[in-house]
>>> print(open('model_37.pdb').read())   # PDB, C-alpha atoms
ATOM      1  CA  MET A 144       8.020   9.012  -6.513  1.00  0.00           C
ATOM      2  CA  SER A 145      10.467   6.504  -7.899  1.00  0.00           C
ATOM      3  CA  LEU A 146      14.137   5.777  -7.432  1.00  0.00           C
ATOM      4  CA  PRO A 147      16.770   5.196 -10.102  1.00  0.00           C
ATOM      5  CA  ALA A 148      16.915   1.555 -11.195  1.00  0.00           C
ATOM      6  CA  ASP A 149      20.418   1.064  -9.791  1.00  0.00           C
ATOM      7  CA  LEU A 150      19.223   2.005  -6.294  1.00  0.00           C
ATOM      8  CA  VAL A 151      16.269  -0.359  -6.568  1.00  0.00           C
ATOM      9  CA  ASP A 152      18.681  -3.093  -7.690  1.00  0.00           C
ATOM     10  CA  LEU A 153      20.942  -2.335  -4.726  1.00  0.00           C
ATOM     11  CA  LEU A 154      18.033  -2.683  -2.318  1.00  0.00           C
ATOM     12  CA  GLU A 155      16.943  -5.953  -3.935  1.00  0.00           C
ATOM     13  CA  THR A 156      20.503  -7.315  -3.785  1.00  0.00           C
ATOM     14  CA  ALA A 157      20.700  -6.466  -0.086  1.00  0.00           C
ATOM     15  CA  ARG A 158      17.341  -8.144   0.514  1.00  0.00           C
ATOM     16  CA  LEU A 159      18.424 -11.320  -1.250  1.00  0.00           C
ATOM     17  CA  LEU A 160      21.659 -11.393   0.738  1.00  0.00           C
ATOM     18  CA  LEU A 161      19.676 -11.042   3.942  1.00  0.00           C
ATOM     19  CA  ARG A 162      17.252 -13.829   2.986  1.00  0.00           C
ATOM     20  CA  GLU A 163      19.688 -16.297   1.480  1.00  0.00           C
ATOM     21  CA  ARG A 164      22.903 -15.848   3.464  1.00  0.00           C
ATOM     22  CA  ILE A 165      22.212 -14.043   6.712  1.00  0.00           C
ATOM     23  CA  GLN A 166      18.784 -15.307   7.767  1.00  0.00           C
ATOM     24  CA  PRO A 167      19.783 -18.994   7.806  1.00  0.00           C
ATOM     25  CA  ALA A 168      22.715 -18.135  10.096  1.00  0.00           C
ATOM     26  CA  VAL A 169      20.765 -16.165  12.677  1.00  0.00           C
ATOM     27  CA  PRO A 170      19.379 -17.852  15.774  1.00  0.00           C
ATOM     28  CA  PRO A 171      15.900 -19.324  15.307  1.00  0.00           C
ATOM     29  CA  GLU A 172      14.359 -16.784  17.680  1.00  0.00           C
ATOM     30  CA  LEU A 173      15.406 -13.959  15.292  1.00  0.00           C
ATOM     31  CA  ARG A 174      14.396 -15.543  11.979  1.00  0.00           C
ATOM     32  CA  PHE A 175      10.915 -14.063  12.046  1.00  0.00           C
ATOM     33  CA  GLU A 176      12.368 -10.579  12.489  1.00  0.00           C
ATOM     34  CA  THR A 177      14.835 -11.041   9.633  1.00  0.00           C
ATOM     35  CA  ALA A 178      11.990 -12.275   7.412  1.00  0.00           C
ATOM     36  CA  MET A 179       9.990  -9.152   8.307  1.00  0.00           C
ATOM     37  CA  ILE A 180      12.952  -6.943   7.428  1.00  0.00           C
ATOM     38  CA  ALA A 181      13.428  -8.720   4.098  1.00  0.00           C
ATOM     39  CA  ASN A 182       9.715  -8.383   3.291  1.00  0.00           C
ATOM     40  CA  ALA A 183       9.782  -4.688   4.161  1.00  0.00           C
ATOM     41  CA  MET A 184      12.764  -4.239   1.861  1.00  0.00           C
ATOM     42  CA  ALA A 185      10.876  -5.994  -0.945  1.00  0.00           C
ATOM     43  CA  ILE A 186       7.855  -3.720  -0.487  1.00  0.00           C
ATOM     44  CA  VAL A 187      10.038  -0.613  -0.561  1.00  0.00           C
ATOM     45  CA  ALA A 188      11.851  -1.866  -3.676  1.00  0.00           C
ATOM     46  CA  ARG A 189       8.544  -2.500  -5.483  1.00  0.00           C
ATOM     47  CA  ALA A 190       7.210   0.893  -4.446  1.00  0.00           C
ATOM     48  CA  ALA A 191      10.408   2.622  -5.544  1.00  0.00           C
ATOM     49  CA  ALA A 192      10.470   0.802  -8.871  1.00  0.00           C
ATOM     50  CA  GLY A 193       6.869   1.507  -9.768  1.00  0.00           C
ATOM     51  CA  GLY A 194       6.136   4.699  -7.922  1.00  0.00           C
ATOM     52  CA  LEU A 195       4.175   4.808  -4.724  1.00  0.00           C
ATOM     53  CA  PRO A 196       0.525   3.858  -4.932  1.00  0.00           C
ATOM     54  CA  GLY A 197      -2.206   6.329  -4.214  1.00  0.00           C
ATOM     55  CA  SER A 198      -3.047   8.120  -7.427  1.00  0.00           C
ATOM     56  CA  ALA A 199      -6.225   6.084  -7.849  1.00  0.00           C
ATOM     57  CA  GLU A 200      -7.252   6.857  -4.279  1.00  0.00           C
ATOM     58  CA  ALA A 201      -6.570  10.571  -4.696  1.00  0.00           C
ATOM     59  CA  GLU A 202      -8.623  10.661  -7.893  1.00  0.00           C
ATOM     60  CA  GLY A 203     -11.508   8.808  -6.252  1.00  0.00           C
ATOM     61  CA  LEU A 204     -11.531  11.084  -3.224  1.00  0.00           C
ATOM     62  CA  ALA A 205     -11.414  14.176  -5.431  1.00  0.00           C
ATOM     63  CA  ARG A 206     -14.445  12.882  -7.326  1.00  0.00           C
ATOM     64  CA  LEU A 207     -16.257  12.212  -4.059  1.00  0.00           C
ATOM     65  CA  TYR A 208     -15.468  15.686  -2.656  1.00  0.00           C
ATOM     66  CA  PRO A 209     -15.024  17.924  -5.734  1.00  0.00           C
ATOM     67  CA  GLU A 210     -15.659  21.110  -3.746  1.00  0.00           C
ATOM     68  CA  VAL A 211     -12.499  20.555  -1.683  1.00  0.00           C
ATOM     69  CA  ALA A 212     -10.491  18.350  -4.049  1.00  0.00           C
ATOM     70  CA  ASP A 213      -7.451  20.629  -3.907  1.00  0.00           C
ATOM     71  CA  GLU A 214      -6.938  20.032  -0.160  1.00  0.00           C
ATOM     72  CA  GLY A 215      -4.967  16.848  -0.770  1.00  0.00           C
ATOM     73  CA  ALA A 216      -5.595  13.146  -0.344  1.00  0.00           C
ATOM     74  CA  GLU A 217      -4.848  13.026   3.389  1.00  0.00           C
ATOM     75  CA  VAL A 218      -7.439  15.703   4.211  1.00  0.00           C
ATOM     76  CA  LEU A 219      -9.998  14.048   1.933  1.00  0.00           C
ATOM     77  CA  ARG A 220      -9.285  10.632   3.452  1.00  0.00           C
ATOM     78  CA  ARG A 221      -9.896  12.033   6.952  1.00  0.00           C
ATOM     79  CA  ARG A 222     -13.139  13.600   5.762  1.00  0.00           C
ATOM     80  CA  LEU A 223     -14.290  10.299   4.304  1.00  0.00           C
ATOM     81  CA  VAL A 224     -13.468   8.471   7.540  1.00  0.00           C
ATOM     82  CA  ALA A 225     -15.412  11.073   9.518  1.00  0.00           C
ATOM     83  CA  ASP A 226     -18.379  10.804   7.145  1.00  0.00           C
ATOM     84  CA  ILE A 227     -18.437   7.023   7.465  1.00  0.00           C
ATOM     85  CA  ARG A 228     -18.117   7.095  11.258  1.00  0.00           C
ATOM     86  CA  CYS A 229     -20.895   9.661  11.615  1.00  0.00           C
ATOM     87  CA  GLY A 230     -23.221   7.701   9.337  1.00  0.00           C
ATOM     88  CA  ARG A 231     -23.310  10.319   6.584  1.00  0.00           C
ATOM     89  CA  MET A 232     -22.786   7.666   3.921  1.00  0.00           C
ATOM     90  CA  ASP A 233     -26.014   6.092   2.766  1.00  0.00           C
ATOM     91  CA  VAL A 234     -26.088   2.881   0.730  1.00  0.00           C
ATOM     92  CA  ALA A 235     -25.476   4.745  -2.521  1.00  0.00           C
ATOM     93  CA  GLY A 236     -22.608   6.659  -0.927  1.00  0.00           C
ATOM     94  CA  ARG A 237     -20.999   3.470   0.349  1.00  0.00           C
ATOM     95  CA  ARG A 238     -21.248   1.908  -3.106  1.00  0.00           C
ATOM     96  CA  LEU A 239     -19.702   5.002  -4.643  1.00  0.00           C
ATOM     97  CA  VAL A 240     -16.858   4.921  -2.127  1.00  0.00           C
ATOM     98  CA  ALA A 241     -16.246   1.231  -2.808  1.00  0.00           C
ATOM     99  CA  TYR A 242     -16.220   1.873  -6.564  1.00  0.00           C
ATOM    100  CA  LEU A 243     -13.921   4.889  -6.327  1.00  0.00           C
ATOM    101  CA  LEU A 244     -11.464   3.358  -3.881  1.00  0.00           C
ATOM    102  CA  TRP A 245     -11.309  -0.175  -5.308  1.00  0.00           C
ATOM    103  CA  PRO A 246      -8.258   0.681  -7.474  1.00  0.00           C
ATOM    104  CA  ARG A 247      -6.411   1.761  -4.306  1.00  0.00           C
ATOM    105  CA  VAL A 248      -7.121  -1.603  -2.685  1.00  0.00           C
ATOM    106  CA  ARG A 249      -5.684  -3.324  -5.757  1.00  0.00           C
ATOM    107  CA  GLU A 250      -2.614  -1.058  -5.737  1.00  0.00           C
ATOM    108  CA  ARG A 251      -1.906  -1.749  -2.079  1.00  0.00           C
ATOM    109  CA  LEU A 252      -2.380  -5.490  -2.461  1.00  0.00           C
ATOM    110  CA  ALA A 253      -0.063  -5.573  -5.487  1.00  0.00           C
ATOM    111  CA  LEU A 254       2.539  -3.640  -3.544  1.00  0.00           C
ATOM    112  CA  SER A 255       2.425  -5.622  -0.316  1.00  0.00           C
ATOM    113  CA  SER A 256       1.760  -9.106  -1.741  1.00  0.00           C
ATOM    114  CA  PRO A 257       2.331  -9.291  -5.490  1.00  0.00           C
ATOM    115  CA  GLU A 258       2.310 -13.098  -5.396  1.00  0.00           C
ATOM    116  CA  TYR A 259      -1.219 -13.117  -3.968  1.00  0.00           C
ATOM    117  CA  ARG A 260      -3.655 -13.423  -6.853  1.00  0.00           C
ATOM    118  CA  THR A 261      -7.297 -12.851  -6.069  1.00  0.00           C
ATOM    119  CA  GLY A 262      -8.779 -12.050  -9.435  1.00  0.00           C
ATOM    120  CA  LEU A 263      -9.565  -8.552  -8.170  1.00  0.00           C
TER     121      LEU A 263
END
>>> encode(input="model_37.pdb", output="structure tokens")
Amino acid sequence: MSLPADLVDLLETARLLLRERIQPAVPPELRFETAMIANAMAIVARAAAGGLPGSAEAEGLARLYPEVADEGAEVLRRRLVADIRCGRMDVAGRRLVAYLLWPRVRERLALSSPEYRTGL
């Protein structure tokens, strides 16, 4: 899912206005909240501009559970969680999960903190 560029620009303009003009004028006890709002707006703008992350995760889960791959990522994610909690993942299974889901970790990190470089 992505939004038209002009809507993404509108969201980014509103975020900058909040950070640069409004946040300095709010009482100190509300500055943390305004920073959180501005950061949330930035995350939404990045997601809207580049499409929401998750395709790598969905592909990995479908490869892990090919017999039920058409049930959707949310169902497969719940199955994986249940398998991990019940101890059904042996060492090889855990390595496979880490390998298959690593792109999702990178996607989420790039979306939430693009300035954070880890060499992932």
>>> resolve_selection(input="model_37.pdb", expression="the PyMOL selection byres ((chain A and resi 222) around 12)", output="mmCIF file with C-alpha atoms, in the coordinates of the input")
data_model
loop_
_atom_site.group_PDB
_atom_site.id
_atom_site.type_symbol
_atom_site.label_atom_id
_atom_site.label_comp_id
_atom_site.auth_asym_id
_atom_site.auth_seq_id
_atom_site.Cartn_x
_atom_site.Cartn_y
_atom_site.Cartn_z
ATOM 1 C CA LEU A 204 -11.531 11.084 -3.224
ATOM 2 C CA ALA A 205 -11.414 14.176 -5.431
ATOM 3 C CA LEU A 207 -16.257 12.212 -4.059
ATOM 4 C CA TYR A 208 -15.468 15.686 -2.656
ATOM 5 C CA VAL A 211 -12.499 20.555 -1.683
ATOM 6 C CA ALA A 212 -10.491 18.350 -4.049
ATOM 7 C CA GLU A 214 -6.938 20.032 -0.160
ATOM 8 C CA GLY A 215 -4.967 16.848 -0.770
ATOM 9 C CA ALA A 216 -5.595 13.146 -0.344
ATOM 10 C CA GLU A 217 -4.848 13.026 3.389
ATOM 11 C CA VAL A 218 -7.439 15.703 4.211
ATOM 12 C CA LEU A 219 -9.998 14.048 1.933
ATOM 13 C CA ARG A 220 -9.285 10.632 3.452
ATOM 14 C CA ARG A 221 -9.896 12.033 6.952
ATOM 15 C CA LEU A 223 -14.290 10.299 4.304
ATOM 16 C CA VAL A 224 -13.468 8.471 7.540
ATOM 17 C CA ALA A 225 -15.412 11.073 9.518
ATOM 18 C CA ASP A 226 -18.379 10.804 7.145
ATOM 19 C CA ILE A 227 -18.437 7.023 7.465
ATOM 20 C CA ARG A 228 -18.117 7.095 11.258
ATOM 21 C CA CYS A 229 -20.895 9.661 11.615
ATOM 22 C CA ARG A 231 -23.310 10.319 6.584
ATOM 23 C CA MET A 232 -22.786 7.666 3.921
#
>>> closest_atom_pairs(input="model_37.pdb", of="stretch 188-235 of chain A", to="stretch 147-158 of chain A", cutoff="9 Å", atoms="all atoms listed in the file", output="CSV")
residue,atom,partner,partner_atom,distance
A:Ala188,CA,A:Val151,CA,5.5
A:Arg189,CA,A:Val151,CA,8.1
A:Ala191,CA,A:Val151,CA,6.7
A:Ala192,CA,A:Val151,CA,6.3
>>> resolve_selection(input="model_37.pdb", expression="the PyMOL selection byres ((chain A and resi 243) around 9)", output="number ranges by chain")
A: 199-200, 202-204, 206-207, 238-242, 244-247
>>> write_last_selection(input="model_37.pdb", atoms="C-alpha atoms", output="PDB file, in the frame of the given file")
ATOM      1  CA  ALA A 199      -6.225   6.084  -7.849  1.00  0.00           C
ATOM      2  CA  GLU A 200      -7.252   6.857  -4.279  1.00  0.00           C
ATOM      3  CA  GLU A 202      -8.623  10.661  -7.893  1.00  0.00           C
ATOM      4  CA  GLY A 203     -11.508   8.808  -6.252  1.00  0.00           C
ATOM      5  CA  LEU A 204     -11.531  11.084  -3.224  1.00  0.00           C
ATOM      6  CA  ARG A 206     -14.445  12.882  -7.326  1.00  0.00           C
ATOM      7  CA  LEU A 207     -16.257  12.212  -4.059  1.00  0.00           C
ATOM      8  CA  ARG A 238     -21.248   1.908  -3.106  1.00  0.00           C
ATOM      9  CA  LEU A 239     -19.702   5.002  -4.643  1.00  0.00           C
ATOM     10  CA  VAL A 240     -16.858   4.921  -2.127  1.00  0.00           C
ATOM     11  CA  ALA A 241     -16.246   1.231  -2.808  1.00  0.00           C
ATOM     12  CA  TYR A 242     -16.220   1.873  -6.564  1.00  0.00           C
ATOM     13  CA  LEU A 244     -11.464   3.358  -3.881  1.00  0.00           C
ATOM     14  CA  TRP A 245     -11.309  -0.175  -5.308  1.00  0.00           C
ATOM     15  CA  PRO A 246      -8.258   0.681  -7.474  1.00  0.00           C
ATOM     16  CA  ARG A 247      -6.411   1.761  -4.306  1.00  0.00           C
TER      17      ARG A 247
END
>>> atom_distance(input="model_37.pdb", atom1="atom CA of A:Glu250", atom2="atom CA of A:Leu160")
27.2 Å
>>> resolve_selection(input="model_37.pdb", expression="the PyMOL selection byres ((chain A and resi 182) around 12)", output="VMD selection string")
chain A and resid 154 to 155 157 to 159 161 to 162 175 to 181 183 to 189 254 to 257
>>> write_last_selection(input="model_37.pdb", atoms="C-alpha atoms", output="PDB file, in the frame of the given file")
ATOM      1  CA  LEU A 154      18.033  -2.683  -2.318  1.00  0.00           C
ATOM      2  CA  GLU A 155      16.943  -5.953  -3.935  1.00  0.00           C
ATOM      3  CA  ALA A 157      20.700  -6.466  -0.086  1.00  0.00           C
ATOM      4  CA  ARG A 158      17.341  -8.144   0.514  1.00  0.00           C
ATOM      5  CA  LEU A 159      18.424 -11.320  -1.250  1.00  0.00           C
ATOM      6  CA  LEU A 161      19.676 -11.042   3.942  1.00  0.00           C
ATOM      7  CA  ARG A 162      17.252 -13.829   2.986  1.00  0.00           C
ATOM      8  CA  PHE A 175      10.915 -14.063  12.046  1.00  0.00           C
ATOM      9  CA  GLU A 176      12.368 -10.579  12.489  1.00  0.00           C
ATOM     10  CA  THR A 177      14.835 -11.041   9.633  1.00  0.00           C
ATOM     11  CA  ALA A 178      11.990 -12.275   7.412  1.00  0.00           C
ATOM     12  CA  MET A 179       9.990  -9.152   8.307  1.00  0.00           C
ATOM     13  CA  ILE A 180      12.952  -6.943   7.428  1.00  0.00           C
ATOM     14  CA  ALA A 181      13.428  -8.720   4.098  1.00  0.00           C
ATOM     15  CA  ALA A 183       9.782  -4.688   4.161  1.00  0.00           C
ATOM     16  CA  MET A 184      12.764  -4.239   1.861  1.00  0.00           C
ATOM     17  CA  ALA A 185      10.876  -5.994  -0.945  1.00  0.00           C
ATOM     18  CA  ILE A 186       7.855  -3.720  -0.487  1.00  0.00           C
ATOM     19  CA  VAL A 187      10.038  -0.613  -0.561  1.00  0.00           C
ATOM     20  CA  ALA A 188      11.851  -1.866  -3.676  1.00  0.00           C
ATOM     21  CA  ARG A 189       8.544  -2.500  -5.483  1.00  0.00           C
ATOM     22  CA  LEU A 254       2.539  -3.640  -3.544  1.00  0.00           C
ATOM     23  CA  SER A 255       2.425  -5.622  -0.316  1.00  0.00           C
ATOM     24  CA  SER A 256       1.760  -9.106  -1.741  1.00  0.00           C
ATOM     25  CA  PRO A 257       2.331  -9.291  -5.490  1.00  0.00           C
TER      26      PRO A 257
END
>>> atom_distance(input="model_37.pdb", atom1="atom CA of A:Arg237", atom2="atom CA of A:Asp213")
22.3 Å
>>> atom_distance(input="model_37.pdb", atom1="atom CA of A:Arg164", atom2="atom CA of A:Arg251")
29.1 Å
>>> axis_aligned_box(input="model_37.pdb", around="stretch 211-218 of chain A", padding_each_side="8 Å", output="JSON")
{"center_x": -8.7, "center_y": 16.8, "center_z": 0.1, "size_x": 23.7, "size_y": 23.6, "size_z": 24.3}
>>> build_atoms(input="model_37.pdb", residues="stretch 204-215 of chain A", atoms="all heavy atoms", output="PDB file, keeping the file's coordinate frame")
ATOM      1  N   LEU A 204     -11.137  10.147  -4.275  1.00  0.00           N
ATOM      2  CA  LEU A 204     -11.531  11.084  -3.224  1.00  0.00           C
ATOM      3  C   LEU A 204     -11.868  12.456  -3.799  1.00  0.00           C
ATOM      4  O   LEU A 204     -12.815  13.110  -3.335  1.00  0.00           O
ATOM      5  CB  LEU A 204     -10.420  11.194  -2.182  1.00  0.00           C
ATOM      6  CG  LEU A 204     -10.216   9.963  -1.312  1.00  0.00           C
ATOM      7  CD1 LEU A 204      -8.926  10.075  -0.510  1.00  0.00           C
ATOM      8  CD2 LEU A 204     -11.406   9.746  -0.390  1.00  0.00           C
ATOM      9  N   ALA A 205     -11.124  12.888  -4.796  1.00  0.00           N
ATOM     10  CA  ALA A 205     -11.414  14.176  -5.431  1.00  0.00           C
ATOM     11  C   ALA A 205     -12.770  14.138  -6.126  1.00  0.00           C
ATOM     12  O   ALA A 205     -13.502  15.140  -6.132  1.00  0.00           O
ATOM     13  CB  ALA A 205     -10.309  14.536  -6.423  1.00  0.00           C
ATOM     14  N   ARG A 206     -13.126  13.006  -6.690  1.00  0.00           N
ATOM     15  CA  ARG A 206     -14.445  12.882  -7.326  1.00  0.00           C
ATOM     16  C   ARG A 206     -15.549  12.849  -6.278  1.00  0.00           C
ATOM     17  O   ARG A 206     -16.652  13.329  -6.518  1.00  0.00           O
ATOM     18  CB  ARG A 206     -14.496  11.634  -8.202  1.00  0.00           C
ATOM     19  CG  ARG A 206     -13.651  11.788  -9.462  1.00  0.00           C
ATOM     20  CD  ARG A 206     -13.539  10.540 -10.271  1.00  0.00           C
ATOM     21  NE  ARG A 206     -14.824   9.975 -10.647  1.00  0.00           N
ATOM     22  CZ  ARG A 206     -14.945   8.762 -11.176  1.00  0.00           C
ATOM     23  NH1 ARG A 206     -13.868   8.030 -11.386  1.00  0.00           N
ATOM     24  NH2 ARG A 206     -16.123   8.297 -11.501  1.00  0.00           N
ATOM     25  N   LEU A 207     -15.260  12.289  -5.124  1.00  0.00           N
ATOM     26  CA  LEU A 207     -16.257  12.212  -4.059  1.00  0.00           C
ATOM     27  C   LEU A 207     -16.475  13.581  -3.409  1.00  0.00           C
ATOM     28  O   LEU A 207     -17.595  13.926  -3.032  1.00  0.00           O
ATOM     29  CB  LEU A 207     -15.806  11.197  -3.010  1.00  0.00           C
ATOM     30  CG  LEU A 207     -16.787  10.851  -1.907  1.00  0.00           C
ATOM     31  CD1 LEU A 207     -18.054  10.221  -2.486  1.00  0.00           C
ATOM     32  CD2 LEU A 207     -16.143   9.888  -0.925  1.00  0.00           C
ATOM     33  N   TYR A 208     -15.401  14.361  -3.285  1.00  0.00           N
ATOM     34  CA  TYR A 208     -15.468  15.686  -2.656  1.00  0.00           C
ATOM     35  C   TYR A 208     -14.913  16.746  -3.615  1.00  0.00           C
ATOM     36  O   TYR A 208     -13.871  17.358  -3.346  1.00  0.00           O
ATOM     37  CB  TYR A 208     -14.665  15.699  -1.353  1.00  0.00           C
ATOM     38  CG  TYR A 208     -15.150  14.715  -0.320  1.00  0.00           C
ATOM     39  CD1 TYR A 208     -14.403  13.595   0.003  1.00  0.00           C
ATOM     40  CD2 TYR A 208     -16.368  14.916   0.335  1.00  0.00           C
ATOM     41  CE1 TYR A 208     -14.858  12.694   0.953  1.00  0.00           C
ATOM     42  CE2 TYR A 208     -16.825  14.015   1.277  1.00  0.00           C
ATOM     43  CZ  TYR A 208     -16.065  12.904   1.589  1.00  0.00           C
ATOM     44  OH  TYR A 208     -16.515  12.019   2.531  1.00  0.00           O
ATOM     45  N   PRO A 209     -15.585  16.994  -4.738  1.00  0.00           N
ATOM     46  CA  PRO A 209     -15.024  17.924  -5.734  1.00  0.00           C
ATOM     47  C   PRO A 209     -14.877  19.352  -5.214  1.00  0.00           C
ATOM     48  O   PRO A 209     -13.996  20.086  -5.651  1.00  0.00           O
ATOM     49  CB  PRO A 209     -16.030  17.855  -6.891  1.00  0.00           C
ATOM     50  CG  PRO A 209     -17.293  17.349  -6.279  1.00  0.00           C
ATOM     51  CD  PRO A 209     -16.878  16.476  -5.138  1.00  0.00           C
ATOM     52  N   GLU A 210     -15.704  19.737  -4.247  1.00  0.00           N
ATOM     53  CA  GLU A 210     -15.659  21.110  -3.746  1.00  0.00           C
ATOM     54  C   GLU A 210     -14.393  21.400  -2.943  1.00  0.00           C
ATOM     55  O   GLU A 210     -14.017  22.566  -2.780  1.00  0.00           O
ATOM     56  CB  GLU A 210     -16.910  21.423  -2.899  1.00  0.00           C
ATOM     57  CG  GLU A 210     -16.996  20.685  -1.582  1.00  0.00           C
ATOM     58  CD  GLU A 210     -17.478  19.237  -1.658  1.00  0.00           C
ATOM     59  OE1 GLU A 210     -17.727  18.716  -2.762  1.00  0.00           O
ATOM     60  OE2 GLU A 210     -17.581  18.615  -0.597  1.00  0.00           O
ATOM     61  N   VAL A 211     -13.728  20.366  -2.457  1.00  0.00           N
ATOM     62  CA  VAL A 211     -12.499  20.555  -1.683  1.00  0.00           C
ATOM     63  C   VAL A 211     -11.372  19.660  -2.203  1.00  0.00           C
ATOM     64  O   VAL A 211     -10.461  19.300  -1.468  1.00  0.00           O
ATOM     65  CB  VAL A 211     -12.739  20.299  -0.176  1.00  0.00           C
ATOM     66  CG1 VAL A 211     -13.590  21.397   0.431  1.00  0.00           C
ATOM     67  CG2 VAL A 211     -13.355  18.942   0.055  1.00  0.00           C
ATOM     68  N   ALA A 212     -11.437  19.300  -3.472  1.00  0.00           N
ATOM     69  CA  ALA A 212     -10.491  18.350  -4.049  1.00  0.00           C
ATOM     70  C   ALA A 212      -9.045  18.818  -3.971  1.00  0.00           C
ATOM     71  O   ALA A 212      -8.130  17.999  -3.914  1.00  0.00           O
ATOM     72  CB  ALA A 212     -10.866  18.069  -5.508  1.00  0.00           C
ATOM     73  N   ASP A 213      -8.825  20.112  -3.921  1.00  0.00           N
ATOM     74  CA  ASP A 213      -7.451  20.629  -3.907  1.00  0.00           C
ATOM     75  C   ASP A 213      -6.798  20.582  -2.527  1.00  0.00           C
ATOM     76  O   ASP A 213      -5.643  20.956  -2.373  1.00  0.00           O
ATOM     77  CB  ASP A 213      -7.425  22.060  -4.446  1.00  0.00           C
ATOM     78  CG  ASP A 213      -8.289  23.015  -3.634  1.00  0.00           C
ATOM     79  OD1 ASP A 213      -9.184  22.553  -2.900  1.00  0.00           O
ATOM     80  OD2 ASP A 213      -8.070  24.239  -3.752  1.00  0.00           O
ATOM     81  N   GLU A 214      -7.495  20.086  -1.515  1.00  0.00           N
ATOM     82  CA  GLU A 214      -6.938  20.032  -0.160  1.00  0.00           C
ATOM     83  C   GLU A 214      -5.975  18.880   0.046  1.00  0.00           C
ATOM     84  O   GLU A 214      -5.316  18.808   1.073  1.00  0.00           O
ATOM     85  CB  GLU A 214      -8.075  19.963   0.868  1.00  0.00           C
ATOM     86  CG  GLU A 214      -8.861  21.244   0.947  1.00  0.00           C
ATOM     87  CD  GLU A 214      -9.849  21.241   2.088  1.00  0.00           C
ATOM     88  OE1 GLU A 214      -9.659  20.478   3.051  1.00  0.00           O
ATOM     89  OE2 GLU A 214     -10.818  22.013   2.016  1.00  0.00           O
ATOM     90  N   GLY A 215      -5.909  17.956  -0.888  1.00  0.00           N
ATOM     91  CA  GLY A 215      -4.967  16.848  -0.770  1.00  0.00           C
ATOM     92  C   GLY A 215      -5.631  15.581  -0.274  1.00  0.00           C
ATOM     93  O   GLY A 215      -6.649  15.599   0.419  1.00  0.00           O
TER      94      GLY A 215
END
